[in-house]
>>> print(open('data.json').read())   # JSON, C-alpha atoms
[["chain", "number", "residue", "atom", "x", "y", "z"],
["A", 1, "ALA", "CA", 8.39, -7.92, 36.86],
["A", 2, "THR", "CA", 11.97, -8.03, 35.61],
["A", 3, "GLU", "CA", 14.10, -10.98, 36.67],
["A", 4, "ALA", "CA", 17.67, -10.43, 37.80],
["A", 5, "ALA", "CA", 20.43, -12.06, 35.76],
["A", 6, "GLN", "CA", 21.72, -15.31, 37.20],
["A", 7, "ALA", "CA", 24.96, -17.18, 36.64],
["A", 8, "VAL", "CA", 24.42, -20.85, 35.99],
["A", 9, "LEU", "CA", 27.33, -23.13, 36.76],
["A", 10, "PHE", "CA", 27.34, -26.31, 34.75],
["A", 11, "GLU", "CA", 29.61, -29.29, 34.26],
["A", 12, "ASP", "CA", 31.24, -29.32, 30.85],
["A", 13, "ASP", "CA", 33.95, -31.91, 30.19],
["A", 14, "SER", "CA", 35.32, -29.77, 27.36],
["A", 15, "ALA", "CA", 35.68, -26.77, 29.69],
["A", 16, "ARG", "CA", 37.09, -28.34, 32.88],
["A", 17, "GLY", "CA", 40.56, -29.85, 33.08],
["A", 18, "ALA", "CA", 43.93, -29.48, 31.40],
["A", 19, "ILE", "CA", 44.25, -26.87, 28.66],
["A", 20, "ALA", "CA", 46.42, -27.81, 25.68],
["A", 21, "GLY", "CA", 47.21, -27.03, 22.06],
["A", 22, "ASP", "CA", 45.95, -23.88, 20.38],
["A", 23, "LYS", "CA", 43.73, -22.99, 23.34],
["A", 24, "LEU", "CA", 46.78, -23.06, 25.64],
["A", 25, "GLN", "CA", 48.84, -20.95, 23.24],
["A", 26, "ALA", "CA", 46.03, -18.37, 22.93],
["A", 27, "LEU", "CA", 45.64, -18.20, 26.71],
["A", 28, "LEU", "CA", 49.37, -17.75, 27.35],
["A", 29, "HIS", "CA", 49.91, -15.23, 24.53],
["A", 30, "GLY", "CA", 51.43, -12.10, 26.05],
["A", 31, "LEU", "CA", 52.05, -13.67, 29.47],
["A", 32, "PRO", "CA", 55.55, -14.13, 30.92],
["A", 33, "ALA", "CA", 57.45, -17.14, 29.55],
["A", 34, "ALA", "CA", 57.38, -18.69, 33.03],
["A", 35, "ALA", "CA", 53.61, -19.13, 32.61],
["A", 36, "ALA", "CA", 54.19, -21.46, 29.66],
["A", 37, "GLY", "CA", 53.93, -24.60, 31.77],
["A", 38, "ALA", "CA", 50.62, -26.27, 32.58],
["A", 39, "ALA", "CA", 47.19, -24.66, 32.57],
["A", 40, "PHE", "CA", 43.90, -25.95, 33.96],
["A", 41, "CYS", "CA", 40.34, -24.73, 33.58],
["A", 42, "LEU", "CA", 38.56, -24.81, 36.95],
["A", 43, "GLY", "CA", 35.10, -24.39, 35.45],
["A", 44, "ARG", "CA", 32.72, -22.35, 33.36],
["A", 45, "ALA", "CA", 29.93, -19.97, 34.39],
["A", 46, "ALA", "CA", 27.14, -19.21, 31.96],
["A", 47, "MET", "CA", 25.14, -16.00, 32.20],
["A", 48, "PRO", "CA", 21.81, -15.46, 30.44],
["A", 49, "MET", "CA", 21.79, -12.49, 28.09],
["A", 50, "GLY", "CA", 18.82, -10.49, 26.86],
["A", 51, "ALA", "CA", 15.87, -8.66, 28.39],
["A", 52, "ALA", "CA", 16.27, -10.28, 31.83],
["A", 53, "ALA", "CA", 19.96, -9.32, 32.06],
["A", 54, "THR", "CA", 20.52, -5.62, 32.63],
["A", 55, "GLU", "CA", 23.84, -4.03, 31.78],
["A", 56, "ASP", "CA", 24.69, -3.43, 35.41],
["A", 57, "ALA", "CA", 23.75, -6.89, 36.75],
["A", 58, "SER", "CA", 26.35, -8.39, 39.09],
["A", 59, "VAL", "CA", 26.12, -12.08, 39.88],
["A", 60, "PRO", "CA", 28.23, -13.82, 42.54],
["A", 61, "PHE", "CA", 29.49, -17.38, 42.09],
["A", 62, "SER", "CA", 32.16, -19.54, 43.69],
["A", 63, "VAL", "CA", 34.76, -21.96, 42.39],
["A", 64, "SER", "CA", 36.09, -24.54, 44.84],
["A", 65, "PHE", "CA", 39.10, -26.76, 44.18],
["A", 66, "VAL", "CA", 42.01, -28.56, 45.81],
["A", 67, "LEU", "CA", 45.48, -27.22, 45.08],
["A", 68, "GLN", "CA", 48.40, -29.55, 45.79],
["A", 69, "ASN", "CA", 52.10, -28.85, 46.00],
["A", 70, "ASP", "CA", 53.45, -31.67, 43.85],
["A", 71, "GLY", "CA", 57.00, -30.33, 44.09],
["A", 72, "ALA", "CA", 59.89, -31.50, 46.26],
["A", 73, "VAL", "CA", 60.12, -28.32, 48.38],
["A", 74, "ALA", "CA", 57.70, -26.12, 50.32],
["A", 75, "TRP", "CA", 56.24, -23.09, 48.60],
["A", 76, "PRO", "CA", 57.64, -19.74, 49.70],
["A", 77, "THR", "CA", 55.99, -17.75, 52.50],
["A", 78, "SER", "CA", 55.10, -15.15, 49.87],
["A", 79, "ALA", "CA", 53.20, -17.62, 47.63],
["A", 80, "ALA", "CA", 49.89, -16.31, 46.28],
["A", 81, "LEU", "CA", 47.29, -17.03, 43.64],
["A", 82, "VAL", "CA", 47.41, -13.84, 41.54],
["A", 83, "HIS", "CA", 45.19, -12.67, 38.68],
["A", 84, "ILE", "CA", 47.20, -12.40, 35.44],
["A", 85, "ALA", "CA", 44.71, -12.12, 32.54],
["A", 86, "GLY", "CA", 41.09, -11.34, 31.69],
["A", 87, "ASP", "CA", 38.49, -10.03, 34.14],
["A", 88, "ASP", "CA", 39.47, -10.69, 37.77],
["A", 89, "PHE", "CA", 35.78, -11.02, 38.80],
["A", 90, "GLY", "CA", 36.62, -9.12, 41.99],
["A", 91, "PHE", "CA", 39.29, -11.67, 42.96],
["A", 92, "PRO", "CA", 42.71, -10.09, 42.31],
["A", 93, "MET", "CA", 44.78, -12.21, 44.71],
["A", 94, "LEU", "CA", 44.72, -14.81, 47.47],
["A", 95, "GLU", "CA", 47.74, -15.09, 49.76],
["A", 96, "LEU", "CA", 48.60, -18.77, 50.22],
["A", 97, "GLY", "CA", 51.83, -18.82, 52.20],
["A", 98, "PRO", "CA", 54.00, -21.91, 52.50],
["A", 99, "LEU", "CA", 52.55, -25.26, 51.53],
["A", 100, "GLY", "CA", 54.82, -28.24, 52.19],
["A", 101, "ALA", "CA", 55.85, -30.73, 49.52],
["A", 102, "GLY", "CA", 52.94, -33.12, 48.95],
["A", 103, "GLU", "CA", 50.51, -31.02, 50.99],
["A", 104, "ALA", "CA", 47.17, -29.84, 49.62],
["A", 105, "ALA", "CA", 44.80, -27.00, 50.42],
["A", 106, "GLN", "CA", 41.10, -26.56, 49.69],
["A", 107, "LEU", "CA", 40.59, -23.15, 48.04],
["A", 108, "VAL", "CA", 37.41, -21.22, 47.32],
["A", 109, "MET", "CA", 37.36, -18.30, 44.90],
["A", 110, "ASP", "CA", 34.33, -16.06, 45.52],
["A", 111, "LEU", "CA", 33.84, -14.30, 42.20],
["A", 112, "THR", "CA", 31.39, -11.73, 40.80],
["A", 113, "VAL", "CA", 30.61, -11.53, 37.10],
["A", 114, "HIS", "CA", 29.21, -8.29, 35.68],
["A", 115, "SER", "CA", 26.83, -8.71, 32.75],
["A", 116, "SER", "CA", 28.44, -5.73, 31.00],
["A", 117, "ASN", "CA", 31.64, -7.84, 30.67],
["A", 118, "VAL", "CA", 29.91, -10.85, 29.09],
["A", 119, "ARG", "CA", 29.24, -11.31, 25.38],
["A", 120, "HIS", "CA", 26.71, -13.70, 23.88],
["A", 121, "GLY", "CA", 28.33, -16.90, 22.62],
["A", 122, "LEU", "CA", 31.89, -15.83, 23.43],
["A", 123, "VAL", "CA", 33.92, -17.69, 26.02],
["A", 124, "ALA", "CA", 35.98, -15.22, 28.04],
["A", 125, "PRO", "CA", 38.74, -16.90, 30.06],
["A", 126, "SER", "CA", 40.25, -15.24, 33.08],
["A", 127, "ALA", "CA", 43.50, -16.52, 34.54],
["A", 128, "TRP", "CA", 45.35, -16.70, 37.83],
["A", 129, "ALA", "CA", 48.83, -18.11, 38.52],
["A", 130, "LEU", "CA", 50.83, -19.25, 41.52],
["A", 131, "ILE", "CA", 53.35, -16.49, 42.05],
["A", 132, "ASP", "CA", 56.07, -15.83, 44.60],
["A", 133, "THR", "CA", 55.05, -12.23, 45.30],
["A", 134, "ALA", "CA", 58.50, -11.41, 46.73],
["A", 135, "SER", "CA", 60.28, -12.24, 43.47],
["A", 136, "GLY", "CA", 57.42, -12.09, 40.93],
["A", 137, "GLU", "CA", 58.27, -15.61, 39.78],
["A", 138, "ILE", "CA", 55.47, -17.82, 38.48],
["A", 139, "PHE", "CA", 56.04, -21.30, 39.91],
["A", 140, "GLY", "CA", 52.84, -23.21, 39.24],
["A", 141, "PRO", "CA", 50.16, -23.77, 36.64],
["A", 142, "VAL", "CA", 47.87, -21.13, 35.20],
["A", 143, "LEU", "CA", 44.32, -21.64, 36.50],
["A", 144, "THR", "CA", 41.38, -20.33, 34.49],
["A", 145, "VAL", "CA", 37.67, -19.68, 34.92],
["A", 146, "GLU", "CA", 35.54, -19.15, 31.83],
["A", 147, "VAL", "CA", 32.35, -17.12, 31.47],
["A", 148, "VAL", "CA", 30.02, -17.34, 28.50],
["A", 149, "GLY", "CA", 26.81, -15.49, 27.68],
["A", 150, "PHE", "CA", 23.81, -17.38, 26.30],
["A", 151, "SER", "CA", 20.18, -16.81, 25.30],
["A", 152, "PRO", "CA", 17.80, -18.41, 27.78]]
>>> encode(input="data.json", output="C-alpha cells")
Amino acid sequence: ATEAAQAVLFEDDSARGAIAGDKLQALLHGLPAAAAGAAFCLGRAAMPMGAAATEDASVPFSVSFVLQNDGAVAWPTSAALVHIAGDDFGFPMLELGPLGAGEAAQLVMDLTVHSSNVRHGLVAPSAWALIDTASGEIFGPVLTVEVVGFSP
C-alpha cells in the first residue's frame, strides 16, 4: 500500500520569530519599499519527499497566531492579511477589518501544501502582509510560513 504524503509541523527556534539580516533582505527583495519594516516567521512545515509522496499530493495544515495592533490608532475597515510572495497555499487573503489600538485577534490560517511545489532540502518561504486594501498601503509586518521537503 502507498502512504499519502503528510506535512509534519515542528518547532524550530531558527525558523520561528523575527527575520533579520540577509534572510530579511532576500525575503523583501522585489517587494514594495513599504514592506521593508519588520518580518516574522510564523512557523515551518516539513513534507516528506520520495516514494510515499506523489506529485499531486495535497496536505492541509494550519498556522495559529495572535496578531496585535501595537499602533496608536485603529486599523482601517479595509485592513486585510494579503499574500504577497511565494506560494499562497490556498490562502490568498483574510479580511481583518478595524482592530483598535492595543487590541489583539487570534488568527488561524488554513493552508494546503502541494508536494509538486516542494523541493528536497530547500526552504520555500511564503509571505503575507497587513494591507489597507482600499489604498494598497502595507502598514504592518511581513508574516511568513516556510515549507521544506525532507527524506523520511
>>> closest_residue(input="data.json", among="A:Ile84, A:Met93, A:Leu107, A:Ala39", to="Ser126 in chain A", atoms="only C-alpha atoms")
A:Ile84
>>> closest_residue(input="data.json", among="A:Glu103, A:Phe150, A:Ala80, A:Thr144", to="Cys41 in chain A", atoms="only C-alpha atoms")
A:Thr144
>>> residues_around(input="data.json", residues="Val108 in chain A", least_positions_apart="2", cutoff="9 Å", atoms="all atoms listed in the file", output="list in words")
Ser62, Val63, Ser64, Phe65, Val66, Gln106 and Asp110 of chain A
>>> residues_around(input="data.json", residues="Asp70 in chain A", least_positions_apart="4", cutoff="9 Å", atoms="all atoms listed in the file", output="list in words")
Ala101, Gly102, Glu103 and Ala104 of chain A
>>> write_last_selection(input="data.json", atoms="C-alpha atoms", output="PDB file, in the frame of the given file")
ATOM      1  CA  ALA A 101      55.850 -30.730  49.520  1.00  0.00           C
ATOM      2  CA  GLY A 102      52.940 -33.120  48.950  1.00  0.00           C
ATOM      3  CA  GLU A 103      50.510 -31.020  50.990  1.00  0.00           C
ATOM      4  CA  ALA A 104      47.170 -29.840  49.620  1.00  0.00           C
TER       5      ALA A 104
END
>>> closest_residue(input="data.json", among="A:Leu67, A:Val59, A:Ala45, A:Ala72", to="Gly90 in chain A", atoms="all atoms listed in the file")
A:Val59
>>> closest_residue(input="data.json", among="A:Pro60, A:Gly97, A:Pro125, A:Gly71", to="Ala85 in chain A", atoms="only C-alpha atoms")
A:Pro125
>>> residues_near_point(input="data.json", point="(53.4, -15.3, 45.8)", cutoff="12 Å", atoms="only C-alpha atoms", output="PyMOL selection string")
chain A and resi 75-83+93-99+128-140
>>> write_last_selection(input="data.json", atoms="C-alpha atoms", output="compact mmCIF listing (two decimals), in the coordinates of the input")
# COMPACT_ATOMS: atom_id res chain seq x y z
CA TRP A 75 56.24 -23.09 48.60
CA PRO A 76 57.64 -19.74 49.70
CA THR A 77 55.99 -17.75 52.50
CA SER A 78 55.10 -15.15 49.87
CA ALA A 79 53.20 -17.62 47.63
CA ALA A 80 49.89 -16.31 46.28
CA LEU A 81 47.29 -17.03 43.64
CA VAL A 82 47.41 -13.84 41.54
CA HIS A 83 45.19 -12.67 38.68
CA MET A 93 44.78 -12.21 44.71
CA LEU A 94 44.72 -14.81 47.47
CA GLU A 95 47.74 -15.09 49.76
CA LEU A 96 48.60 -18.77 50.22
CA GLY A 97 51.83 -18.82 52.20
CA PRO A 98 54.00 -21.91 52.50
CA LEU A 99 52.55 -25.26 51.53
CA TRP A 128 45.35 -16.70 37.83
CA ALA A 129 48.83 -18.11 38.52
CA LEU A 130 50.83 -19.25 41.52
CA ILE A 131 53.35 -16.49 42.05
CA ASP A 132 56.07 -15.83 44.60
CA THR A 133 55.05 -12.23 45.30
CA ALA A 134 58.50 -11.41 46.73
CA SER A 135 60.28 -12.24 43.47
CA GLY A 136 57.42 -12.09 40.93
CA GLU A 137 58.27 -15.61 39.78
CA ILE A 138 55.47 -17.82 38.48
CA PHE A 139 56.04 -21.30 39.91
CA GLY A 140 52.84 -23.21 39.24
>>> closest_residue(input="data.json", among="A:Ser151, A:Asn69, A:Leu143, A:Gly86", to="Gly100 in chain A", atoms="all atoms listed in the file")
A:Asn69
>>> closest_residue(input="data.json", among="A:Gln68, A:Val73, A:Leu111, A:Ala57", to="Pro141 in chain A", atoms="only C-alpha atoms")
A:Gln68
>>> atom_distance(input="data.json", atom1="CA of Ala38 in chain A", atom2="CA of Glu146 in chain A")
16.7 Å
>>> atom_distance(input="data.json", atom1="CA of Pro92 in chain A", atom2="CA of Ser116 in chain A")
18.7 Å
>>> residues_near_point(input="data.json", point="(27.0, -6.5, 37.4)", cutoff="8 Å", atoms="all atoms listed in the file", output="list of chain:residue names")
A:Glu55, A:Asp56, A:Ala57, A:Ser58, A:Val59, A:Thr112, A:Val113, A:His114, A:Ser115, A:Ser116
>>> atom_distance(input="data.json", atom1="CA of Asp88 in chain A", atom2="CA of Ala74 in chain A")
27.0 Å
